[in-house]
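Written below as structure tokens is the structure these notes are about.
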Amino acid sequence: MKKWPVQEVLTLVAIFLFAFLFIKGGGYHKWFTGYVLLYLIQGYVAWFIFSKCGQPFYGYAVTMAIGAFSSIVTAVMFGWPLWAGILLGGLFSALVASTLFVATSRARGFYVGMVSFLLVILFPSLIEALRDITGGRSGLSFRGLKGLIGLDGLLWLVLGFVIVVAGILFWLMRTKVGRIFTIIAENDDLAKAVGINTFKYKLLGYAIGGFISGLGGGLYVNYIGSISSVDIGVLTTIYITFIPIVGGSKVPFGPVIGTLFIRLIPEALADIERYLSIIFGAAFVFVMLGMRGGIGDNVVNYIGRLIDRIRMRRAPETKGG
Amino acid sequence: MVLDGIINGIIMAGIVALPVLGIAVIYGMTGIINFAVGGIGVFSAFLTWYLLPYNMPLAIVAGLVVGFGLGYAIQAALLTPLSAKRGGDLNLFFLITNNIGLIFVGLTRVIFPRPIIGIPLPRLGTINILNVQTSGLKFLALFIAIGALLLLRTVERYTRVGKSWRATSQNLRLARVVGINTSRAFNVASGLGCMLAAFGAIIWGSLYNLTLTSGFDLTFLGYIIAVVGGIGNILGGMLAALIVGMVLSFSAYIVSGSWQSVILYGIAIITLILAPRGILGSERSV
């Protein structure tokens, strides 16, 4: 019998309710909610590629930036409709992520990750080198979708997109394709041995992840209103990579915890900003060493053990009674 | 122009070679690519800068000793036990050491009074080679790099410690069976690697500037060169440093700074795609 997707549904409801409450609260919290949601999109991409497909991809800042720059450049330079720029960004990101995978498919895991990481280091320089089109360090700015549908409209659009993306990924992981992704992530050699075309499925994973990340980047630049080479960097990609690692790689709400962790801690520690990288670095190391699987997985395991213990205590009483 | 480019390229290779050697030594021995090397190196260089007004030789020695100590301590307390517990998962070590680097960026910011420094070492005059003039300090950096390479090779080949290093990197289990203290070999290699990175950062800081995030720049530059040469392969790393030095030197005549970086990282990516083990091959398999 198929298990009901309780955690998945609760996650979607929780995302909607929390975002709804903060959006209704207005002010800075409202704006910040949109910012957190935009990172949550990237968090779900990292959760899907890194944790669910088991692919060591670190190029999230690049796929996100490709979406953002495609959107703003096509709108500002060529006067394209905004939706077309966002869609192009998604497609272009999917193409780059897939090409990266195909190009590195001869190599083993770590090299694939390193090529994507080098791409992250290269990308800001490329944006600066192409400053006539991209604006370089000064960047480009525009009103984008905010000018068209207002901040509220854009916020609801972003929230809707997050829920659709998370919903699609949850659904996908419960299909046959999702189970194949899981087998590949667990044991690549075993997947090959049982006749799975791992190349095809990994390529599919990269394409899906790249597409969503690019679309998310397009929404990001429409929400923030500007982007430059300074906004894309190694730290962005490291933070996005850490979203599922910190939040939880197995549970569907892991990216929510991870995104809150990486976005709320800097807000909460604004007064002691000097110590932020020490606290962040130490927290990441602690989670990676002490909480294998991330906060979410450990909480679920702990609750599971607690329930088992209660059941075991009750069992003799029931027997005896 | 060609001669000028070649000489500048060789000198640039010498400057960037030290952190490369650091990465190569650590990876060659431990099988861990330590991305905290640059952060530790820059922290140590900041310490040298801080102590410089008191006594210059002592300040440099203090920076190097602290670099060695930090590399040794982190390897002993964290990386070696983790490697024993979870095996050589390179992605895990990549993420962990990157965060250790992040901690050192924070520590450098909190402990030292300035976020950008230049280390005022003596320029050591101007040297003229075939009508190309350059500072004596740059030449010294080149000689230190060559000296460090030769010293490492000599130690590795002809000393008891070096033999235990080679045994450990070739067959860890067998090295343990014959009584080699492999943990200590790992810790010393890591300390040595971080000390070389500290030296590289001190030289870099005296020729250019050091910022809080220079550690990441040094690490990534070092890593790229190490990748092109074959990670863990000391000779390959030096050859790649020469190639990168030439690329940086000659591309400066043709394209702007941003394109230089694009070309540099582009070469590293293409190398990784076409020859994942680098131009001379890696002594370890990744």
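Naming works like this for the structure tokens: A, B, ... for the chains as they're shown, residue 1 at the start of each chain, ligands 1 onward in shown order.
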
### Task
Could you list, as a PyMOL selection string, the residues of chain A having an atom within 6 Å of chain B when counting only C-alpha atoms?
chain A and resi 104+115+122+125-126+129+277-278+281+285

How about saving the chosen residues, N, CA and C atoms kept, as a PDB file, in the first residue's frame?
ATOM      1  N   THR A 104      31.649  16.469 -18.051  1.00  0.00           N
ATOM      2  CA  THR A 104      32.439  15.846 -16.982  1.00  0.00           C
ATOM      3  C   THR A 104      32.049  14.393 -16.739  1.00  0.00           C
ATOM      4  N   VAL A 115      34.509  20.977 -11.143  1.00  0.00           N
ATOM      5  CA  VAL A 115      34.306  21.769 -12.368  1.00  0.00           C
ATOM      6  C   VAL A 115      33.183  22.780 -12.128  1.00  0.00           C
ATOM      7  N   LEU A 122      34.744  31.342 -11.768  1.00  0.00           N
ATOM      8  CA  LEU A 122      34.956  32.010 -13.063  1.00  0.00           C
ATOM      9  C   LEU A 122      33.848  33.025 -13.387  1.00  0.00           C
ATOM     10  N   SER A 125      34.006  36.884 -12.900  1.00  0.00           N
ATOM     11  CA  SER A 125      34.996  37.494 -13.805  1.00  0.00           C
ATOM     12  C   SER A 125      34.421  37.609 -15.214  1.00  0.00           C
ATOM     13  N   LEU A 126      33.668  36.582 -15.636  1.00  0.00           N
ATOM     14  CA  LEU A 126      33.049  36.613 -16.965  1.00  0.00           C
ATOM     15  C   LEU A 126      32.036  37.755 -17.058  1.00  0.00           C
ATOM     16  N   ALA A 129      33.988  40.862 -17.342  1.00  0.00           N
ATOM     17  CA  ALA A 129      34.600  40.971 -18.671  1.00  0.00           C
ATOM     18  C   ALA A 129      33.566  41.397 -19.711  1.00  0.00           C
ATOM     19  N   SER A 277      31.059  35.116  10.406  1.00  0.00           N
ATOM     20  CA  SER A 277      31.695  34.002   9.675  1.00  0.00           C
ATOM     21  C   SER A 277      32.233  32.947  10.629  1.00  0.00           C
ATOM     22  N   ILE A 278      32.646  33.360  11.838  1.00  0.00           N
ATOM     23  CA  ILE A 278      33.123  32.365  12.816  1.00  0.00           C
ATOM     24  C   ILE A 278      31.940  31.490  13.248  1.00  0.00           C
ATOM     25  N   GLY A 281      30.696  29.359  10.193  1.00  0.00           N
ATOM     26  CA  GLY A 281      31.648  28.290   9.887  1.00  0.00           C
ATOM     27  C   GLY A 281      31.595  27.195  10.935  1.00  0.00           C
ATOM     28  N   VAL A 285      30.330  23.303  10.504  1.00  0.00           N
ATOM     29  CA  VAL A 285      31.218  22.173  10.833  1.00  0.00           C
ATOM     30  C   VAL A 285      30.544  21.287  11.880  1.00  0.00           C
TER      31      VAL A 285
END

### Task
Write out as a PyMOL selection string which residues come within 12 Å of Val188 of chain B when counting only C-alpha atoms, dropping same-chain ones fewer than 2 positions away.
chain B and resi 22+25-26+29-30+67-76+80+161-162+164-165+181-186+190-195

### Query
Could you pull the residues within 12 Å of segment 148-160 of chain A, counting only C-alpha atoms, minus those fewer than 5 positions along the same chain, as a PyMOL selection string?
chain A and resi 12-20+22-24+26-27+29-41+81-83+142-143+165-167+215-225

### Message
Residues near Leu91 of chain A, anyone? I mean within 12 Å using only C-alpha atoms, not counting same-chain ones fewer than 5 positions away, as an NGL selection string.
### Response
:A and (63-64 or 66-67 or 70-71 or 84-86 or 96-98 or 206-218)

Could you turn the residues from that selection into a file that holds N, CA and C atoms, as a PDB file, in the first residue's frame?
ATOM      1  N   THR A  63      23.878  28.838 -11.959  1.00  0.00           N
ATOM      2  CA  THR A  63      22.571  28.592 -12.603  1.00  0.00           C
ATOM      3  C   THR A  63      21.582  29.687 -12.195  1.00  0.00           C
ATOM      4  N   MET A  64      21.661  30.108 -10.925  1.00  0.00           N
ATOM      5  CA  MET A  64      20.784  31.182 -10.446  1.00  0.00           C
ATOM      6  C   MET A  64      21.129  32.502 -11.167  1.00  0.00           C
ATOM      7  N   ILE A  66      22.638  32.881 -14.049  1.00  0.00           N
ATOM      8  CA  ILE A  66      22.302  32.819 -15.478  1.00  0.00           C
ATOM      9  C   ILE A  66      20.833  33.209 -15.663  1.00  0.00           C
ATOM     10  N   GLY A  67      19.966  32.685 -14.802  1.00  0.00           N
ATOM     11  CA  GLY A  67      18.552  33.041 -14.855  1.00  0.00           C
ATOM     12  C   GLY A  67      18.349  34.525 -14.628  1.00  0.00           C
ATOM     13  N   SER A  70      19.900  36.566 -17.607  1.00  0.00           N
ATOM     14  CA  SER A  70      19.096  36.391 -18.830  1.00  0.00           C
ATOM     15  C   SER A  70      17.852  37.254 -18.745  1.00  0.00           C
ATOM     16  N   SER A  71      17.230  37.248 -17.584  1.00  0.00           N
ATOM     17  CA  SER A  71      15.994  37.996 -17.396  1.00  0.00           C
ATOM     18  C   SER A  71      16.227  39.500 -17.539  1.00  0.00           C
ATOM     19  N   ALA A  84       9.332  36.158 -20.949  1.00  0.00           N
ATOM     20  CA  ALA A  84      10.194  35.477 -21.934  1.00  0.00           C
ATOM     21  C   ALA A  84      11.635  35.414 -21.427  1.00  0.00           C
ATOM     22  N   GLY A  85      12.083  36.491 -20.786  1.00  0.00           N
ATOM     23  CA  GLY A  85      13.440  36.533 -20.237  1.00  0.00           C
ATOM     24  C   GLY A  85      13.619  35.504 -19.124  1.00  0.00           C
ATOM     25  N   ILE A  86      12.598  35.394 -18.270  1.00  0.00           N
ATOM     26  CA  ILE A  86      12.671  34.431 -17.155  1.00  0.00           C
ATOM     27  C   ILE A  86      12.721  33.000 -17.704  1.00  0.00           C
ATOM     28  N   VAL A  96      23.194  24.832 -19.446  1.00  0.00           N
ATOM     29  CA  VAL A  96      24.542  24.922 -18.851  1.00  0.00           C
ATOM     30  C   VAL A  96      24.776  23.772 -17.873  1.00  0.00           C
ATOM     31  N   ALA A  97      23.781  23.521 -16.991  1.00  0.00           N
ATOM     32  CA  ALA A  97      23.935  22.430 -16.013  1.00  0.00           C
ATOM     33  C   ALA A  97      24.091  21.079 -16.725  1.00  0.00           C
ATOM     34  N   SER A  98      23.279  20.861 -17.771  1.00  0.00           N
ATOM     35  CA  SER A  98      23.348  19.584 -18.501  1.00  0.00           C
ATOM     36  C   SER A  98      24.681  19.449 -19.228  1.00  0.00           C
ATOM     37  N   TYR A 206      20.085  16.970 -13.673  1.00  0.00           N
ATOM     38  CA  TYR A 206      20.775  18.255 -13.876  1.00  0.00           C
ATOM     39  C   TYR A 206      19.881  19.240 -14.635  1.00  0.00           C
ATOM     40  N   ALA A 207      19.198  18.722 -15.664  1.00  0.00           N
ATOM     41  CA  ALA A 207      18.344  19.606 -16.478  1.00  0.00           C
ATOM     42  C   ALA A 207      17.198  20.167 -15.637  1.00  0.00           C
ATOM     43  N   ILE A 208      16.560  19.312 -14.843  1.00  0.00           N
ATOM     44  CA  ILE A 208      15.439  19.780 -13.998  1.00  0.00           C
ATOM     45  C   ILE A 208      15.959  20.808 -12.986  1.00  0.00           C
ATOM     46  N   GLY A 209      17.045  20.448 -12.302  1.00  0.00           N
ATOM     47  CA  GLY A 209      17.609  21.351 -11.292  1.00  0.00           C
ATOM     48  C   GLY A 209      18.020  22.680 -11.895  1.00  0.00           C
ATOM     49  N   GLY A 210      18.723  22.621 -13.037  1.00  0.00           N
ATOM     50  CA  GLY A 210      19.176  23.849 -13.697  1.00  0.00           C
ATOM     51  C   GLY A 210      18.007  24.719 -14.118  1.00  0.00           C
ATOM     52  N   PHE A 211      16.959  24.082 -14.652  1.00  0.00           N
ATOM     53  CA  PHE A 211      15.781  24.829 -15.119  1.00  0.00           C
ATOM     54  C   PHE A 211      15.112  25.582 -13.959  1.00  0.00           C
ATOM     55  N   ILE A 212      14.885  24.856 -12.848  1.00  0.00           N
ATOM     56  CA  ILE A 212      14.227  25.495 -11.693  1.00  0.00           C
ATOM     57  C   ILE A 212      15.119  26.596 -11.113  1.00  0.00           C
ATOM     58  N   SER A 213      16.411  26.316 -11.008  1.00  0.00           N
ATOM     59  CA  SER A 213      17.335  27.303 -10.452  1.00  0.00           C
ATOM     60  C   SER A 213      17.360  28.568 -11.321  1.00  0.00           C
ATOM     61  N   GLY A 214      17.347  28.382 -12.647  1.00  0.00           N
ATOM     62  CA  GLY A 214      17.337  29.532 -13.567  1.00  0.00           C
ATOM     63  C   GLY A 214      16.065  30.346 -13.436  1.00  0.00           C
ATOM     64  N   LEU A 215      14.921  29.651 -13.360  1.00  0.00           N
ATOM     65  CA  LEU A 215      13.652  30.367 -13.170  1.00  0.00           C
ATOM     66  C   LEU A 215      13.682  31.136 -11.847  1.00  0.00           C
ATOM     67  N   GLY A 216      14.212  30.481 -10.802  1.00  0.00           N
ATOM     68  CA  GLY A 216      14.334  31.127  -9.487  1.00  0.00           C
ATOM     69  C   GLY A 216      15.218  32.363  -9.564  1.00  0.00           C
ATOM     70  N   GLY A 217      16.302  32.269 -10.344  1.00  0.00           N
ATOM     71  CA  GLY A 217      17.195  33.417 -10.531  1.00  0.00           C
ATOM     72  C   GLY A 217      16.473  34.565 -11.217  1.00  0.00           C
ATOM     73  N   GLY A 218      15.633  34.216 -12.218  1.00  0.00           N
ATOM     74  CA  GLY A 218      14.843  35.238 -12.912  1.00  0.00           C
ATOM     75  C   GLY A 218      13.908  35.948 -11.951  1.00  0.00           C
TER      76      GLY A 218
END
